Structure formats: C-alpha cells, structure tokens
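Asker: Data: entry.txt, compact mmCIF, C-alpha atoms.
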```
# COMPACT_ATOMS: atom_id res chain seq x y z
CA MET A 1 232.65 43.61 12.56
CA SER A 2 228.91 43.70 13.20
CA MET A 3 229.51 44.67 16.84
CA ALA A 4 231.55 47.65 15.66
CA TRP A 5 228.63 48.77 13.53
CA LEU A 6 226.20 48.22 16.40
CA TRP A 7 228.24 50.21 18.93
CA GLY A 8 229.05 52.90 16.37
CA GLY A 9 225.36 53.22 15.51
CA MET A 10 224.41 53.56 19.18
CA VAL A 11 226.99 56.34 19.64
CA VAL A 12 225.76 58.19 16.57
CA LEU A 13 222.11 57.84 17.66
CA SER A 14 222.99 59.09 21.14
CA LEU A 15 224.67 62.15 19.68
CA ILE A 16 221.78 62.83 17.30
CA PHE A 17 219.17 62.58 20.07
CA GLY A 18 221.39 64.62 22.39
CA VAL A 19 221.54 67.43 19.83
CA TRP A 20 217.82 67.05 19.04
CA ASN A 21 216.80 67.38 22.70
CA GLY A 22 219.40 69.98 23.58
CA GLN A 23 221.10 67.53 25.98
CA LEU A 24 224.45 67.13 24.22
CA ASP A 25 226.27 68.16 27.42
CA ALA A 26 224.51 65.38 29.34
CA VAL A 27 225.40 62.82 26.64
CA THR A 28 229.04 63.91 26.73
CA GLU A 29 229.13 63.79 30.53
CA ALA A 30 227.57 60.30 30.54
CA ALA A 31 230.14 59.08 27.96
CA VAL A 32 233.08 60.40 30.01
CA SER A 33 231.61 59.04 33.26
CA GLY A 34 231.02 55.62 31.68
CA ALA A 35 234.56 55.52 30.31
CA ASN A 36 235.96 56.38 33.75
CA SER A 37 233.86 53.67 35.40
CA ALA A 38 234.96 51.11 32.80
CA ILE A 39 238.64 51.92 33.36
CA GLU A 40 238.27 51.75 37.16
CA LEU A 41 236.49 48.38 36.94
CA SER A 42 239.07 46.99 34.51
CA LEU A 43 242.01 48.05 36.66
CA SER A 44 240.49 46.76 39.88
CA MET A 45 239.64 43.41 38.26
CA ALA A 46 243.08 43.09 36.67
CA GLY A 47 244.75 42.47 40.03
CA SER A 48 242.34 39.69 41.00
CA LEU A 49 242.52 38.06 37.59
CA CYS A 50 246.32 38.18 37.68
CA LEU A 51 246.28 36.62 41.15
CA TRP A 52 244.05 33.70 40.16
CA SER A 53 245.81 33.21 36.84
CA GLY A 54 249.06 33.05 38.82
CA VAL A 55 247.53 30.50 41.18
CA MET A 56 246.53 28.41 38.15
CA GLU A 57 250.06 28.71 36.74
CA VAL A 58 251.55 27.59 40.08
CA MET A 59 249.12 24.66 40.08
CA ARG A 60 250.20 23.80 36.54
CA VAL A 61 253.91 23.96 37.38
CA CYS A 62 253.42 21.87 40.53
CA GLY A 63 251.43 19.26 38.63
CA VAL A 64 248.17 19.84 40.51
CA ALA A 65 246.39 21.08 37.36
CA ASP A 66 247.52 18.00 35.42
CA ALA A 67 246.39 15.71 38.24
CA LEU A 68 243.01 17.45 38.31
CA ALA A 69 242.73 17.12 34.52
CA ARG A 70 243.66 13.42 34.71
CA SER A 71 240.93 12.84 37.27
CA PHE A 72 238.33 14.00 34.73
CA ARG A 73 239.51 11.74 31.93
CA PRO A 74 237.45 8.65 32.90
CA LEU A 75 234.27 10.74 32.93
CA LEU A 76 235.19 12.54 29.72
CA ARG A 77 235.92 9.22 27.99
CA ARG A 78 232.31 8.22 28.66
CA LEU A 79 230.89 11.59 27.57
CA LEU A 80 233.15 12.06 24.53
CA PRO A 81 234.16 8.60 23.24
CA GLU A 82 235.26 9.82 19.78
CA ALA A 83 237.40 12.67 21.15
CA SER A 84 238.99 10.40 23.75
CA ARG A 85 240.60 8.35 20.99
CA ASP A 86 243.05 11.24 20.44
CA SER A 87 245.16 11.79 23.54
CA GLU A 88 245.95 15.44 22.73
CA THR A 89 242.26 16.28 22.27
CA LEU A 90 241.36 14.53 25.50
CA ALA A 91 244.17 16.38 27.31
CA ALA A 92 242.89 19.74 25.99
CA VAL A 93 239.30 18.95 27.00
CA SER A 94 240.44 17.78 30.44
CA ALA A 95 242.52 20.91 30.97
CA ASN A 96 239.60 23.05 29.81
CA VAL A 97 237.20 21.41 32.24
CA SER A 98 239.64 21.69 35.15
CA ALA A 99 240.34 25.39 34.43
CA ASN A 100 236.59 26.03 34.30
CA LEU A 101 236.23 24.12 37.57
CA MET A 102 238.62 26.59 39.18
CA GLY A 103 236.57 29.48 37.77
CA LEU A 104 239.32 30.64 35.42
CA GLY A 105 237.30 31.16 32.26
CA ASN A 106 240.05 33.30 30.72
CA ALA A 107 242.56 30.47 31.10
CA ALA A 108 240.03 27.86 29.96
CA THR A 109 239.10 29.59 26.71
CA PRO A 110 242.32 28.87 24.74
CA LEU A 111 242.20 25.24 25.90
CA GLY A 112 238.58 24.95 24.80
CA ILE A 113 239.36 26.50 21.43
CA ARG A 114 242.26 24.09 20.90
CA ALA A 115 240.06 21.11 21.83
CA ALA A 116 237.25 22.34 19.55
CA GLN A 117 239.66 22.80 16.63
CA ARG A 118 240.99 19.28 17.09
CA MET A 119 237.47 17.85 17.38
CA ALA A 120 236.27 19.76 14.28
CA ARG A 121 238.84 18.17 12.00
CA GLY A 122 237.15 15.96 9.46
CA CYS A 123 233.63 17.16 10.32
CA GLY A 124 233.14 18.85 6.95
CA GLY A 125 231.97 22.15 8.44
CA VAL A 126 229.17 20.58 10.49
CA ALA A 127 229.56 20.35 14.25
CA SER A 128 229.45 16.81 15.60
CA ASP A 129 227.39 15.86 18.62
CA GLU A 130 230.57 15.64 20.70
CA LEU A 131 231.68 19.11 19.62
CA CYS A 132 228.28 20.48 20.65
CA LEU A 133 228.65 18.65 23.96
CA LEU A 134 232.06 20.29 24.46
CA VAL A 135 230.47 23.70 23.93
CA VAL A 136 227.82 22.82 26.51
CA LEU A 137 230.46 21.66 29.02
CA ASN A 138 232.52 24.78 28.41
CA THR A 139 229.57 27.18 28.64
CA ALA A 140 227.75 25.66 31.62
CA SER A 141 230.82 24.61 33.56
CA ILE A 142 230.78 23.55 37.19
CA GLN A 143 232.81 26.03 39.22
CA LEU A 144 234.24 25.17 42.61
CA LEU A 145 235.99 28.50 42.96
CA PRO A 146 234.41 31.29 40.85
CA ALA A 147 237.49 33.52 40.74
CA THR A 148 236.25 35.84 37.98
CA ILE A 149 232.88 36.43 39.63
CA ALA A 150 234.59 37.06 42.95
CA ALA A 151 236.90 39.57 41.25
CA VAL A 152 233.94 41.45 39.78
CA ARG A 153 232.16 41.47 43.15
CA SER A 154 235.30 42.66 44.91
CA ALA A 155 235.79 45.41 42.33
CA ALA A 156 232.20 46.51 42.88
CA GLY A 157 232.92 46.97 46.60
CA CYS A 158 231.71 43.68 48.08
CA SER A 159 233.49 42.86 51.33
CA THR A 160 232.74 39.11 51.10
CA PRO A 161 233.05 38.22 47.39
CA PHE A 162 233.03 34.44 48.00
CA ASP A 163 229.83 34.30 50.06
CA ILE A 164 228.00 33.17 46.91
CA LEU A 165 229.76 29.79 46.76
CA PRO A 166 226.75 27.57 47.66
CA ALA A 167 224.56 29.34 45.11
CA VAL A 168 227.28 29.07 42.43
CA TRP A 169 227.80 25.36 43.15
CA PHE A 170 224.08 24.62 43.02
CA SER A 171 223.38 26.64 39.89
CA SER A 172 226.45 25.38 38.01
CA VAL A 173 225.62 21.72 38.74
CA LEU A 174 222.04 22.33 37.58
CA SER A 175 223.17 24.13 34.43
CA VAL A 176 225.60 21.35 33.49
CA ALA A 177 222.95 18.69 34.12
CA ALA A 178 220.37 20.59 32.06
CA GLY A 179 222.91 21.19 29.28
CA LEU A 180 223.96 17.54 29.13
CA LEU A 181 220.34 16.40 29.10
CA ALA A 182 219.42 18.87 26.36
CA ALA A 183 222.45 17.87 24.28
CA ARG A 184 221.58 14.17 24.56
CA LEU A 185 217.89 14.74 23.73
CA LEU A 186 218.70 16.95 20.74
CA SER A 187 221.29 14.46 19.55
CA ARG A 188 218.75 11.65 19.60
CA ALA A 189 216.11 13.82 17.93
CA GLY A 190 218.61 14.68 15.18
CA ARG A 191 219.40 11.01 14.57
CA ARG A 192 215.72 10.16 14.24
CA ARG A 193 215.29 12.71 11.46
CA LEU A 194 218.08 11.11 9.48
```
Can you give me the file's structure in the form of structure tokens?
Answerer:
Amino acid sequence: MSMAWLWGGMVVLSLIFGVWNGQLDAVTEAAVSGANSAIELSLSMAGSLCLWSGVMEVMRVCGVADALARSFRPLLRRLLPEASRDSETLAAVSANVSANLMGLGNAATPLGIRAAQRMARGCGGVASDELCLLVVLNTASIQLLPATIAAVRSAAGCSTPFDILPAVWFSSVLSVAAGLLAARLLSRAGRRRL
C-alpha cells in the first residue's frame, strides 16, 4: 500500500512541476515513452524466463532438480539443524537453494516462502536465527547459471549475455560467505545480550 502512495505521489508531483514549468508535454511524452520501454522489456524477458522456467520444470520431472536438492541436504543439516528435523521444511529449503543455484529466482521464491512459513511456526512472531539464515541464503544465493540476469542482458541487446559468469560466480560466493559470517556473528552477539 505504501508503494502505491509513493508512486502516486511521484506522478502527481511530476504533473504539478510539469504544469508549473510549462513542460507538461515533455512529462506526458516521457510517461508514454517509459511505458513503451517497460512493455518492450517485459515482453522480451518473458520468452527467456519461460525458457528457463521450462528447463527447471523438465529438470524437476526428470528428477535432476530433486537430486540437486538432495545433494544440498548434508550441508543444510549443518547450517540449519532445527529446520532439518522436519523433512518437509528441509525439502523446501533444499529446493529453494537449488532453484537459486540455477538462477531461477522466480521459481525459488515460492519455495523459500513455504520454507520460511514452516520455520516460523512456533516462533511467537520473532524470527529465529535459522529463519534469518534462510533469508540470507535466499537473498545472497550462489548462482551457477544466472538465467534472469542473462534474460535482462539479452533484452537490453547484449549479444553475449552469459559472458558475466565468472564475475557472477565470484561475487555470489563472496556474498554468501559474507552473509553467513554476518548471520553467525549477529546471532552470537544477540545471545550475549540475553
């Protein structure tokens, strides 16, 4: 709701300043041009996102996605010992991490939400350390194949959208390491206060 007020306020302010400066035609032209650009970008990205979502669905049907998720379970049991006691929660977290690994953030989001809802049960409205760690893993995920970023680059006219792979691998590993370290340090600092 607050975003609706923010965007509505920006539109109203743009119109007011456009009238004030006698540039209402320019404001209108910019609004129409921006809307056209947004539609073109959305349509050009839709094909790539459908392709990679289809690839993920084929991987799921063939069992590759489940095998990939199972391979993460030993590591996730060490990182999230409380959540690993519930097999459905662990399965949702594993599937979330594997979808993020494939760069399919849109497919990973519902899995992450389901895992977070299961982990939040019984917390009394306060996020546990493991739930915070899940948010860190979901936000700073390691991506082997950044499909969404490649789709955006392709839509913007890049002829080699996957040439950023080494930089994505390096930065995503660093971001996950920094996130895990920060989560552990903040968790310990929180325990000391209690």
Asker: Under the rule that all atoms listed in the file are counted, which of A:Cys62, A:Ile142, A:Ala83, A:Cys123 is the nearest residue to Asn100 (chain A)?
Answerer: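 Checking each of A:Cys62, A:Ile142, A:Ala83, A:Cys123 against Asn100 (chain A), counting all atoms listed in the file, the winner is A:Ile142.
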Asker: Could you list, as a list in words, every residue within 12 Å of Val27 (chain A), counting all atoms listed in the file and ignoring same-chain residues fewer than 2 positions away?
Answerer: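 Final neighbour list, sorted by chain and number: Met10, Val11, Val12, Leu13, Ser14, Leu15, Ile16, Phe17, Gly18, Val19, Trp20, Asn21, Gly22, Gln23, Leu24, Asp25, Glu29, Ala30, Ala31, Val32, Ser33 and Gly34 of chain A.
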Asker: Quick one: distance from CA of Gly124 (chain A) to CA of Gly179 (chain A) in Å, one decimal?
Answerer: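 These atoms are spaced 24.7 Å apart.
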Asker: Assuming 8 Å of padding per side, give the centre and edge lengths of the axis-aligned box around every listed atom of region 18-30 of chain A, in Å to one decimal and as AutoDock Vina command-line options.
Answerer:
```
--center_x 223.0 --center_y 65.1 --center_z 24.8 --size_x 28.3 --size_y 25.7 --size_z 27.5
```
Asker: What lies within 9 Å of Val168 (chain A) using only C-alpha atoms, ignoring chain neighbours under 6 positions off, as an NGL selection string?
Answerer: :A and (142-146)
Asker: When you draw a straight line from CA of Ile113 (chain A) to CA of Leu165 (chain A), how long is it in Å?
Answerer: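 A separation of 27.3 Å between them.
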Asker: For a quick check of understanding, using all atoms listed in the file, which of A:Leu51, A:Leu76, A:Leu111, A:Val176 has the smallest distance to Ala92 (chain A)?
Answerer: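 The closest residue to Ala92 (chain A) is A:Leu111.
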Asker: Which residues, written as a ChimeraX atom specification, have at least one atom at most 12 Å from Met102 (chain A), with all atoms listed in the file counted and residues fewer than 2 positions away on the same chain left out?
Answerer: /A:52-53,55-57,59,64-65,68-69,95-100,104-108,141-150,169
Asker: May I have the residues from that selection written out with C-alpha atoms, as a tab-separated table (two decimals), keeping the file's coordinate frame?
Answerer:
```
chain	number	residue	atom	x	y	z
A	52	TRP	CA	244.05	33.70	40.16
A	53	SER	CA	245.81	33.21	36.84
A	55	VAL	CA	247.53	30.50	41.18
A	56	MET	CA	246.53	28.41	38.15
A	57	GLU	CA	250.06	28.71	36.74
A	59	MET	CA	249.12	24.66	40.08
A	64	VAL	CA	248.17	19.84	40.51
A	65	ALA	CA	246.39	21.08	37.36
A	68	LEU	CA	243.01	17.45	38.31
A	69	ALA	CA	242.73	17.12	34.52
A	95	ALA	CA	242.52	20.91	30.97
A	96	ASN	CA	239.60	23.05	29.81
A	97	VAL	CA	237.20	21.41	32.24
A	98	SER	CA	239.64	21.69	35.15
A	99	ALA	CA	240.34	25.39	34.43
A	100	ASN	CA	236.59	26.03	34.30
A	104	LEU	CA	239.32	30.64	35.42
A	105	GLY	CA	237.30	31.16	32.26
A	106	ASN	CA	240.05	33.30	30.72
A	107	ALA	CA	242.56	30.47	31.10
A	108	ALA	CA	240.03	27.86	29.96
A	141	SER	CA	230.82	24.61	33.56
A	142	ILE	CA	230.78	23.55	37.19
A	143	GLN	CA	232.81	26.03	39.22
A	144	LEU	CA	234.24	25.17	42.61
A	145	LEU	CA	235.99	28.50	42.96
A	146	PRO	CA	234.41	31.29	40.85
A	147	ALA	CA	237.49	33.52	40.74
A	148	THR	CA	236.25	35.84	37.98
A	149	ILE	CA	232.88	36.43	39.63
A	150	ALA	CA	234.59	37.06	42.95
A	169	TRP	CA	227.80	25.36	43.15
```
Asker: Do you have the CA of Ser172 (chain A)-CA of Val135 (chain A) distance handy?
Answerer: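 Value for the CA of Ser172 (chain A)-CA of Val135 (chain A) distance: 14.7 Å.
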Asker: Which neighbours of Glu40 (chain A) fall inside 9 Å, counting only C-alpha atoms, when residues of the same chain fewer than 5 positions from it are skipped, and could you give them as an NGL selection string?
Answerer: :A and (35 or 45 or 155)
Asker: Could you write out the selected residues, including C-alpha atoms, as a compact mmCIF listing (two decimals), keeping the file's coordinate frame?
Answerer:
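Writing the result to result18.txt gives the following:
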```
# COMPACT_ATOMS: atom_id res chain seq x y z
CA ALA A 35 234.56 55.52 30.31
CA MET A 45 239.64 43.41 38.26
CA ALA A 155 235.79 45.41 42.33
```
Asker: Just checking: using all atoms listed in the file, which residue out of A:Arg70, A:Leu41, A:Gly8, A:Gly190 ends up closest to Gly157 (chain A)?
Answerer: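 Distance minimum relative to Gly157 (chain A) lands on A:Leu41.
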Asker: Could you tell me which of A:Ser71, A:Ser42, A:Asn36, A:Ser2 comes closest to Ala151 (chain A) if we count only C-alpha atoms?
Answerer: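 Among the listed residues, the smallest separation from Ala151 (chain A) belongs to A:Ser42.
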Asker: Given the choices A:Leu43, A:Cys132, A:Ala115, A:Met3, which gets closest to Ser87 (chain A) if the distance is worked out from all atoms listed in the file?
Answerer: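 Closest residue, counting all atoms listed in the file: A:Ala115.
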Asker: Kindly extract all protein, DNA and RNA residues lying within 10 Å of the coordinates (231.4, 10.9, 22.9) given in the file, considering all atoms listed in the file, and supply them as a list in words.
Answerer: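 Every residue inside that radius is included here: Leu76, Arg77, Arg78, Leu79, Leu80, Pro81, Glu82, Ala83, Ser84, Arg85, Ser128, Asp129, Glu130, Leu131, Leu133 and Leu134 of chain A.
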Asker: Point out the residue among A:Ala182, A:Ala156, A:Ala26, A:Ala91 with the least atom-to-atom distance to Val136 (chain A), counting only C-alpha atoms.
Answerer: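 Checking each candidate against Val136 (chain A), we get A:Ala182 as the closest.
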